[in-house]
Amino acid sequence: MEFLPEKINTYVTAHSQPEPELLQKLTRETWQKVLAPRMLSGHLQGRVLSMLSKLIRPSQILEIGTYTGYSALCLAEGLLPKGQLHTIDINEELHDLQRTYFDASVYGKQIIQHTGNALEIIPTLPQNFDLIFIDADKCNYPGYLELLLPKLQSGAVILSDNVLWSGKVVEPVKKDDIDTKALLEYNTLLNEHPKLETVLLPIRDGLTISRMV
């Protein structure tokens, strides 16, 4: 679902930084070979992630939900020279494709892959994070937040994707729709948490920026 008219989306994309060639190649391969290619962050959101990462200048990034690696490569553009990006995905079949593109970039040695259940992996990561991007199974967003808050210091930022969920967050919720229910809970948690400053942006399917105070 698009939240802006197609002509406006096209104009916005045309007047934003060009998509790097490596990411264009990854986009093409994802659409050719991988299920649900719309899960890609895409040109506009990818440039937003890149810009935010460059503004934050993180030394430690955590991504929950790697997919084919597009968003990780965008976030890595803002990493400090000795920084690291840890990315978690439960789909082991995508591991090699991710690694191919990570290693084809200048950030290959800085990107560390984790394959498995993020709820189990997050507690094993000893470091705090300056920037976190959540783009995984929506039903676990509240659980991820609970695990992540202790790993954030003042000024750290959480980016949360798909928080508008194709507009379902403002429609009557079906009894068996656990994803929408979880996102409604999550959006409220972000907005009302005393240690977070939050703004929800209607970019693609909704992107929330939350800053630890």
# chains A, B, ... in the order shown; residues from 1 in each chain; ligands from 1
>>> select_by_dssp(residues="range 1-211 of chain A", states="strand (DSSP E or B)", output="number ranges by chain")
A: 60-64, 84-89, 111-115, 129-134, 152-161, 196-201, 207-211
>>> residues_around(residues="Leu97 in chain A", least_positions_apart="3", cutoff="12 Å", atoms="only C-alpha atoms", output="number ranges by chain")
A: 26-27, 29-30, 33-34, 66-70, 91-94, 100-104, 113
>>> closest_atom_pairs(of="range 104-185 of chain A", to="range 85-88 of chain A", cutoff="12 Å", atoms="only C-alpha atoms", output="tab-separated table")
residue	atom	partner	partner_atom	distance
A:Tyr107	CA	A:Leu85	CA	9.0
A:Gly108	CA	A:Leu85	CA	9.8
A:Lys109	CA	A:Leu85	CA	9.5
A:Gln110	CA	A:Leu85	CA	6.1
A:Ile111	CA	A:Leu85	CA	4.8
A:Ile112	CA	A:His86	CA	4.8
A:Gln113	CA	A:Thr87	CA	5.2
A:His114	CA	A:Ile88	CA	4.7
A:Thr115	CA	A:Ile88	CA	5.8
A:Gly116	CA	A:Ile88	CA	7.0
A:Asn117	CA	A:Ile88	CA	7.9
A:Ala118	CA	A:Ile88	CA	6.3
A:Leu119	CA	A:Ile88	CA	10.0
A:Glu120	CA	A:Ile88	CA	10.5
A:Ile121	CA	A:Ile88	CA	7.9
A:Ile122	CA	A:Ile88	CA	8.7
A:Thr124	CA	A:His86	CA	11.9
A:Leu125	CA	A:His86	CA	9.1
A:Pro126	CA	A:His86	CA	11.6
A:Gln127	CA	A:His86	CA	10.5
A:Asn128	CA	A:His86	CA	11.4
A:Phe129	CA	A:Leu85	CA	9.4
A:Asp130	CA	A:Leu85	CA	10.4
A:Leu131	CA	A:Leu85	CA	9.3
A:Ile132	CA	A:Leu85	CA	9.5
A:Phe133	CA	A:Thr87	CA	9.2
A:Ile134	CA	A:Ile88	CA	9.9
A:Asp135	CA	A:Ile88	CA	10.1
A:Ala136	CA	A:Ile88	CA	9.2
A:Asp137	CA	A:Ile88	CA	11.8
>>> atom_distance(atom1="CA of Ala14 in chain A", atom2="CA of Leu40 in chain A")
18.4 Å
>>> select_by_dssp(residues="range 48-168 of chain A", states="helix (DSSP H, G or I)", output="PyMOL selection string")
chain A and resi 48-56+70-76+92-104+108-110+118-124+138-151+165-168
>>> write_last_selection(atoms="C-alpha atoms", output="JSON list (two decimals), in the first residue's frame")
[["chain", "number", "residue", "atom", "x", "y", "z"],
["A", 48, "VAL", "CA", 16.34, 7.56, 4.33],
["A", 49, "LEU", "CA", 18.06, 4.79, 6.31],
["A", 50, "SER", "CA", 21.42, 5.80, 4.86],
["A", 51, "MET", "CA", 20.90, 9.46, 5.70],
["A", 52, "LEU", "CA", 19.81, 8.74, 9.27],
["A", 53, "SER", "CA", 22.78, 6.44, 9.82],
["A", 54, "LYS", "CA", 25.16, 9.09, 8.47],
["A", 55, "LEU", "CA", 23.64, 11.68, 10.82],
["A", 56, "ILE", "CA", 23.89, 9.37, 13.84],
["A", 70, "TYR", "CA", 19.50, -4.23, 1.22],
["A", 71, "SER", "CA", 18.70, -2.28, 4.39],
["A", 72, "ALA", "CA", 21.87, -3.49, 6.12],
["A", 73, "LEU", "CA", 23.98, -2.08, 3.30],
["A", 74, "CYS", "CA", 22.12, 1.23, 3.54],
["A", 75, "LEU", "CA", 22.63, 1.45, 7.30],
["A", 76, "ALA", "CA", 26.30, 0.49, 6.96],
["A", 92, "GLU", "CA", 19.12, -19.56, 6.61],
["A", 93, "GLU", "CA", 18.41, -19.95, 2.88],
["A", 94, "LEU", "CA", 19.18, -16.26, 2.35],
["A", 95, "HIS", "CA", 22.52, -16.32, 4.21],
["A", 96, "ASP", "CA", 24.74, -16.86, 1.17],
["A", 97, "LEU", "CA", 22.96, -14.23, -0.95],
["A", 98, "GLN", "CA", 23.33, -11.70, 1.86],
["A", 99, "ARG", "CA", 27.02, -12.52, 2.26],
["A", 100, "THR", "CA", 27.69, -12.17, -1.45],
["A", 101, "TYR", "CA", 26.46, -8.60, -1.46],
["A", 102, "PHE", "CA", 27.97, -7.71, 1.89],
["A", 103, "ASP", "CA", 31.38, -8.85, 0.66],
["A", 104, "ALA", "CA", 30.92, -7.00, -2.63],
["A", 108, "GLY", "CA", 31.86, -6.61, 4.23],
["A", 109, "LYS", "CA", 34.25, -7.02, 7.15],
["A", 110, "GLN", "CA", 32.05, -4.83, 9.36],
["A", 118, "ALA", "CA", 16.10, -12.92, 17.22],
["A", 119, "LEU", "CA", 14.42, -13.27, 20.61],
["A", 120, "GLU", "CA", 17.08, -15.85, 21.48],
["A", 121, "ILE", "CA", 20.02, -14.12, 19.78],
["A", 122, "ILE", "CA", 19.55, -10.58, 21.14],
["A", 123, "PRO", "CA", 20.31, -11.54, 24.79],
["A", 124, "THR", "CA", 23.59, -13.14, 23.67],
["A", 138, "LYS", "CA", 5.46, -7.99, 13.49],
["A", 139, "CYS", "CA", 3.94, -10.12, 16.25],
["A", 140, "ASN", "CA", 7.25, -9.95, 18.14],
["A", 141, "TYR", "CA", 7.86, -6.20, 17.92],
["A", 142, "PRO", "CA", 6.82, -5.59, 21.57],
["A", 143, "GLY", "CA", 9.07, -8.45, 22.69],
["A", 144, "TYR", "CA", 12.02, -7.06, 20.73],
["A", 145, "LEU", "CA", 11.54, -3.65, 22.34],
["A", 146, "GLU", "CA", 11.63, -5.15, 25.83],
["A", 147, "LEU", "CA", 14.93, -6.89, 25.07],
["A", 148, "LEU", "CA", 16.48, -3.90, 23.30],
["A", 149, "LEU", "CA", 15.81, -1.04, 25.71],
["A", 150, "PRO", "CA", 18.54, -2.18, 28.18],
["A", 151, "LYS", "CA", 21.02, -2.10, 25.28],
["A", 165, "TRP", "CA", 0.86, -2.12, 8.22],
["A", 166, "SER", "CA", -0.90, -1.22, 4.95],
["A", 167, "GLY", "CA", -3.30, 1.00, 6.89],
["A", 168, "LYS", "CA", -4.59, -1.83, 9.06]]
>>> atom_distance(atom1="CA of Gly65 in chain A", atom2="CA of Ile90 in chain A")
7.8 Å
>>> closest_residue(among="A:Asp205, A:Glu185, A:Asp179, A:Glu197", to="Asn162 in chain A", atoms="only C-alpha atoms")
A:Asp205
>>> closest_residue(among="A:Leu80, A:Ile203, A:Val157, A:Ile8", to="Gly42 in chain A", atoms="only C-alpha atoms")
A:Ile203
>>> atom_distance(atom1="CA of Val106 in chain A", atom2="CA of Gly46 in chain A")
17.0 Å
>>> closest_residue(among="A:Thr180, A:Ser210, A:Asn9, A:Gln24", to="Leu164 in chain A", atoms="only C-alpha atoms")
A:Thr180
